[in-house]
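Q: File follows, final_34.csv with CSV, C-alpha atoms:
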```csv
chain,number,residue,atom,x,y,z
X,1,MET,CA,-105.7,-15.4,-102.3
X,2,THR,CA,-106.2,-11.8,-103.5
X,3,GLY,CA,-108.1,-9.8,-106.1
X,4,PRO,CA,-109.3,-11.7,-109.2
X,5,ALA,CA,-108.4,-15.1,-107.7
X,6,MET,CA,-110.7,-14.5,-104.8
X,7,ARG,CA,-113.4,-13.2,-107.0
X,8,GLU,CA,-113.5,-16.4,-109.0
X,9,SER,CA,-113.0,-18.8,-106.0
X,10,TRP,CA,-115.8,-21.1,-105.0
X,11,MET,CA,-115.0,-19.9,-101.4
X,12,ALA,CA,-115.9,-16.3,-102.1
X,13,PRO,CA,-119.6,-16.6,-101.2
X,14,LEU,CA,-118.7,-18.5,-98.0
X,15,LEU,CA,-116.1,-15.9,-97.0
X,16,VAL,CA,-118.5,-13.0,-97.7
X,17,LEU,CA,-121.2,-14.8,-95.7
X,18,GLY,CA,-118.9,-15.3,-92.8
X,19,LEU,CA,-117.8,-11.7,-92.8
X,20,PHE,CA,-121.4,-10.5,-92.8
X,21,VAL,CA,-122.3,-12.7,-89.9
X,22,LEU,CA,-119.2,-11.6,-88.0
X,23,GLY,CA,-120.0,-8.0,-88.9
X,24,GLY,CA,-123.6,-8.4,-87.5
X,25,LEU,CA,-122.2,-9.9,-84.3
X,26,VAL,CA,-119.9,-6.9,-83.7
X,27,VAL,CA,-122.5,-4.4,-85.0
X,28,PHE,CA,-120.4,-3.3,-87.9
X,29,PRO,CA,-122.3,-0.9,-90.3
X,30,LEU,CA,-124.2,-3.0,-92.9
X,31,THR,CA,-124.0,-0.3,-95.5
X,32,LEU,CA,-120.2,-0.4,-95.5
X,33,MET,CA,-120.2,-4.2,-95.9
X,34,ILE,CA,-122.6,-3.9,-98.8
X,35,VAL,CA,-120.5,-1.3,-100.5
X,36,ALA,CA,-117.3,-3.3,-100.0
X,37,THR,CA,-118.9,-6.3,-101.4
X,38,GLY,CA,-120.1,-4.4,-104.5
X,39,LEU,CA,-116.6,-3.0,-105.0
X,40,ALA,CA,-115.0,-6.4,-104.6
X,41,PHE,CA,-117.4,-8.5,-106.7
X,42,GLY,CA,-119.1,-6.1,-109.1
X,43,ALA,CA,-122.8,-5.4,-109.3
X,44,LEU,CA,-124.3,-8.8,-110.0
X,45,HIS,CA,-122.2,-11.0,-107.8
X,46,GLY,CA,-121.9,-8.2,-105.2
X,47,PHE,CA,-125.7,-7.9,-105.0
X,48,ALA,CA,-126.2,-11.7,-104.6
X,49,TYR,CA,-123.4,-12.1,-102.1
X,50,ALA,CA,-124.4,-9.0,-100.1
X,51,LEU,CA,-128.1,-9.9,-100.0
X,52,LEU,CA,-127.3,-13.4,-98.9
X,53,GLY,CA,-124.8,-12.3,-96.3
X,54,ALA,CA,-127.1,-9.6,-94.9
X,55,GLU,CA,-130.1,-12.0,-94.7
X,56,VAL,CA,-128.1,-14.7,-92.9
X,57,SER,CA,-126.6,-12.2,-90.6
X,58,ALA,CA,-130.1,-10.9,-89.8
X,59,LEU,CA,-131.3,-14.4,-89.1
X,60,VAL,CA,-128.3,-15.2,-86.8
X,61,THR,CA,-128.8,-12.0,-84.7
X,62,TYR,CA,-132.6,-12.6,-84.7
X,63,ALA,CA,-131.9,-16.1,-83.3
X,64,ILE,CA,-129.7,-14.6,-80.6
X,65,GLY,CA,-132.4,-12.1,-79.7
X,66,ARG,CA,-134.9,-15.0,-79.5
X,67,ARG,CA,-132.5,-17.0,-77.3
X,68,ILE,CA,-131.7,-14.0,-75.0
X,69,GLY,CA,-135.4,-13.2,-74.6
X,70,ARG,CA,-137.4,-10.0,-74.2
X,71,GLU,CA,-136.5,-8.9,-70.6
X,72,PRO,CA,-132.7,-8.8,-71.0
X,73,VAL,CA,-133.0,-7.0,-74.4
X,74,ARG,CA,-135.4,-4.5,-72.8
X,75,ARG,CA,-132.9,-3.9,-69.9
X,76,LEU,CA,-130.1,-3.3,-72.4
X,77,SER,CA,-132.1,-0.9,-74.4
X,78,ASN,CA,-133.9,2.4,-74.1
X,79,GLN,CA,-137.5,3.7,-74.8
X,80,TRP,CA,-136.9,3.8,-78.5
X,81,VAL,CA,-136.2,0.1,-78.6
X,82,GLU,CA,-139.4,-0.5,-76.7
X,83,ARG,CA,-141.4,1.5,-79.3
X,84,VAL,CA,-139.8,-0.5,-82.1
X,85,ASN,CA,-140.6,-3.7,-80.2
X,86,ARG,CA,-144.3,-2.7,-80.0
X,87,ARG,CA,-144.4,-1.8,-83.6
X,88,LEU,CA,-142.8,-5.1,-84.7
X,89,ALA,CA,-145.3,-7.0,-82.6
X,90,ARG,CA,-148.3,-5.0,-84.1
X,91,GLN,CA,-147.2,-4.6,-87.7
X,92,GLY,CA,-144.8,-7.5,-88.2
X,93,LEU,CA,-143.9,-7.9,-91.9
X,94,LEU,CA,-144.6,-4.3,-92.9
X,95,ALA,CA,-142.6,-3.0,-89.9
X,96,ILE,CA,-139.5,-5.0,-90.7
X,97,ILE,CA,-139.7,-4.1,-94.4
X,98,THR,CA,-139.9,-0.4,-93.4
X,99,LEU,CA,-137.0,-0.7,-91.0
X,100,ARG,CA,-134.9,-2.3,-93.7
X,101,VAL,CA,-135.7,0.2,-96.4
X,102,VAL,CA,-135.1,3.2,-94.0
X,103,PRO,CA,-132.7,2.0,-91.4
X,104,VAL,CA,-133.3,4.1,-88.3
X,105,ALA,CA,-131.1,2.0,-86.0
X,106,PRO,CA,-128.1,-0.3,-86.3
X,107,PHE,CA,-129.0,-3.4,-88.3
X,108,SER,CA,-128.0,-5.8,-85.5
X,109,VAL,CA,-130.0,-4.0,-82.9
X,110,ILE,CA,-133.2,-4.2,-85.0
X,111,ASN,CA,-132.5,-8.0,-85.5
X,112,LEU,CA,-132.0,-8.6,-81.7
X,113,VAL,CA,-135.2,-6.6,-80.8
X,114,ALA,CA,-137.2,-8.5,-83.5
X,115,GLY,CA,-135.9,-11.8,-82.1
X,116,ALA,CA,-136.8,-10.8,-78.6
X,117,SER,CA,-140.3,-9.5,-79.6
X,118,HIS,CA,-143.3,-11.5,-80.5
X,119,MET,CA,-142.5,-11.3,-84.2
X,120,GLY,CA,-142.6,-14.6,-86.0
X,121,PHE,CA,-139.6,-16.0,-87.8
X,122,ARG,CA,-141.3,-16.2,-91.2
X,123,ASP,CA,-142.4,-12.5,-91.1
X,124,PHE,CA,-138.9,-11.5,-90.0
X,125,ALA,CA,-137.1,-13.5,-92.7
X,126,LEU,CA,-139.4,-12.5,-95.5
X,127,GLY,CA,-139.6,-8.8,-94.4
X,128,SER,CA,-135.8,-8.6,-94.1
X,129,LEU,CA,-135.3,-10.1,-97.5
X,130,LEU,CA,-137.8,-7.8,-99.2
X,131,GLY,CA,-136.7,-4.7,-97.3
X,132,LEU,CA,-133.0,-5.4,-98.0
X,133,MET,CA,-133.3,-5.9,-101.7
X,134,PRO,CA,-133.7,-2.3,-103.0
X,135,GLY,CA,-131.0,-0.8,-100.9
X,136,THR,CA,-128.6,-3.6,-101.5
X,137,LEU,CA,-129.1,-3.4,-105.2
X,138,ALA,CA,-128.7,0.3,-105.3
X,139,LEU,CA,-125.5,0.2,-103.2
X,140,THR,CA,-123.9,-2.6,-105.1
X,141,VAL,CA,-124.7,-1.1,-108.5
X,142,PHE,CA,-123.6,2.4,-107.3
X,143,SER,CA,-120.3,1.1,-105.9
X,144,ASP,CA,-119.6,-0.9,-109.0
X,145,GLN,CA,-120.2,2.2,-111.2
X,146,VAL,CA,-117.9,4.3,-108.9
X,147,ALA,CA,-115.2,1.7,-109.2
X,148,GLY,CA,-115.7,1.6,-113.0
X,149,ALA,CA,-115.7,5.4,-113.3
X,150,ILE,CA,-112.4,5.6,-111.4
X,151,GLN,CA,-110.7,2.8,-113.3
X,152,ALA,CA,-111.9,3.8,-116.8
X,153,PRO,CA,-113.5,7.3,-116.8
X,154,ASP,CA,-115.8,8.1,-119.6
X,155,THR,CA,-118.9,10.2,-120.1
X,156,VAL,CA,-121.4,7.3,-120.1
X,157,ARG,CA,-120.2,5.9,-116.8
X,158,TRP,CA,-120.3,9.4,-115.1
X,159,VAL,CA,-123.9,9.9,-116.5
X,160,ILE,CA,-125.0,6.5,-115.2
X,161,LEU,CA,-123.3,7.3,-111.8
X,162,ALA,CA,-125.1,10.7,-111.6
X,163,ALA,CA,-128.4,9.2,-112.6
X,164,LEU,CA,-128.0,6.5,-109.9
X,165,ALA,CA,-127.2,9.1,-107.3
X,166,VAL,CA,-130.3,11.1,-108.3
X,167,VAL,CA,-132.5,8.0,-108.2
X,168,ILE,CA,-131.2,6.8,-104.9
X,169,SER,CA,-131.5,10.4,-103.3
X,170,ALA,CA,-135.0,10.9,-104.8
X,171,GLY,CA,-136.2,7.4,-103.6
X,172,THR,CA,-134.8,8.0,-100.1
X,173,TRP,CA,-136.4,11.4,-99.9
X,174,ALA,CA,-139.8,10.1,-101.2
X,175,LEU,CA,-139.8,7.2,-98.8
X,176,GLY,CA,-138.9,9.4,-95.9
X,177,ARG,CA,-141.8,11.7,-96.7
X,178,TRP,CA,-144.2,8.8,-97.0
X,179,LEU,CA,-143.1,7.4,-93.7
X,180,LEU,CA,-143.4,10.8,-92.0
X,181,ARG,CA,-146.9,11.2,-93.4
X,182,SER,CA,-147.8,7.6,-92.3
X,183,ARG,CA,-146.5,8.3,-88.8
X,184,GLN,CA,-148.5,11.6,-88.6
X,185,ARG,CA,-151.6,9.9,-89.8
X,186,ARG,CA,-151.2,7.1,-87.2
X,187,ARG,CA,-150.7,9.7,-84.4
X,188,SER,CA,-153.7,11.6,-85.6
X,189,ASP,CA,-155.8,8.4,-85.7
X,190,ASP,CA,-154.5,7.4,-82.2
X,191,SER,CA,-155.4,10.9,-80.7
X,192,ASP,CA,-158.9,10.7,-82.4
X,193,ALA,CA,-159.4,7.3,-80.7
X,194,ASP,CA,-158.7,8.8,-77.3
```
Once more with this new file: its structure as structure tokens, please.

A:
Amino acid sequence: MTGPAMRESWMAPLLVLGLFVLGGLVVFPLTLMIVATGLAFGALHGFAYALLGAEVSALVTYAIGRRIGREPVRRLSNQWVERVNRRLARQGLLAIITLRVVPVAPFSVINLVAGASHMGFRDFALGSLLGLMPGTLALTVFSDQVAGAIQAPDTVRWVILAALAVVISAGTWALGRWLLRSRQRRRSDDSDAD
């Protein structure tokens, strides 16, 4: 089954779901899977399939981290992972949303650490879903527009593509600045407390 036939098959969501879970298990880059899904299924279906696949993959690798436990994950990791672990335990939902919006580590590693931490399942599942939505939407719409601009180039598509690139870049930059300021404020508050 190829191309359009796969797109319209009832098996498409299951296949995508399986590929996302497998990708999570082998630590394949989530961004590439989302872009490929957007290219294969278009913006609307691509977004829905990629979001579902990423969320289920996150939950599976979280469950593996929960099963493995804290000590083995800590032994396999470095100091950065320990800091993330502490942050997840302290800030829970907000921390996982932030880590999804601005991915600072491989997707699967964050899931394993969250599972091995004291973070509850509900906070992890909800935080992952909320944090994955903006980036997944942006990537699937952007990849769909790129495919459309290549297949049928016209001025409107290229303007939409350029606008999306500007919005994604500006949003990423603004979020990065906000996170940097938040981190500096937190460090300042911590040093004032000492």

Q: Taking into account only C-alpha atoms, which residue in the set X:Pro29, X:Gly18, X:Gly46, X:Pro13 is nearest to Leu137 in chain X?

A: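 Among the listed residues, X:Gly46 lies closest to Leu137 in chain X.
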
Q: Can you work out which one of X:Gly38, X:Gly65, X:Gly115, X:Pro153 has the shortest atom-to-atom distance to Thr136 in chain X, counting all atoms listed in the file?

A: X:Gly38

Q: Point out the residue among X:Gly42, X:Gly69, X:Gly135, X:Gly120 with the least atom-to-atom distance to Leu99 in chain X, counting only C-alpha atoms.

A: X:Gly135

Q: Restricting the calculation to all atoms listed in the file: of X:Met133, X:Ala116, X:Ala50, X:Leu30, which residue gets closest to Pro103 in chain X?

A: X:Leu30

Q: Output as JSON the centre and edge lengths (Å, one decimal) of the box along x, y and z of the file that holds every listed atom of range 88-107 of chain X after adding 4 Å on each side.

A:
```
{"center_x": -138.2, "center_y": -1.9, "center_z": -89.5, "size_x": 28.2, "size_y": 20.0, "size_z": 21.8}
```

Q: When you count only C-alpha atoms, which of these residues is closest to Tyr49 in chain X: X:Ile64, X:Leu22, X:Ala12, X:Ala149?

A: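 Smallest separation from Tyr49 in chain X among the options: X:Ala12.
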
Q: Report, in Å to a single decimal, how far apart CA of Glu55 in chain X and CA of Leu17 in chain X are.

A: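 According to the coordinates, CA of Leu17 in chain X and CA of Glu55 in chain X are separated by 9.4 Å.
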
Q: Please report the interatomic distance between CA of Tyr62 in chain X and CA of Ile110 in chain X in Å with one decimal.

A: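 We find that CA of Tyr62 in chain X and CA of Ile110 in chain X lie 8.4 Å from each other.
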
Q: Taking into account only C-alpha atoms, which residue in the set X:Met119, X:Val146, X:Ala165, X:Ile34 is nearest to Leu132 in chain X?

A: X:Ile34

Q: Suppose you want the space between CA of Thr140 in chain X and CA of Ala43 in chain X; what is it in Å?

A: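 Atom-to-atom, CA of Thr140 in chain X and CA of Ala43 in chain X are spaced 5.2 Å apart.
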
Q: Excluding Gly23 in chain X and any residue of its chain fewer than 2 positions from it, enumerate the residues within 12 Å of it, using all atoms listed in the file, and give them as a PyMOL selection string.

A: chain X and resi 15-21+25-34+53-54+56-58+60-61+106-108
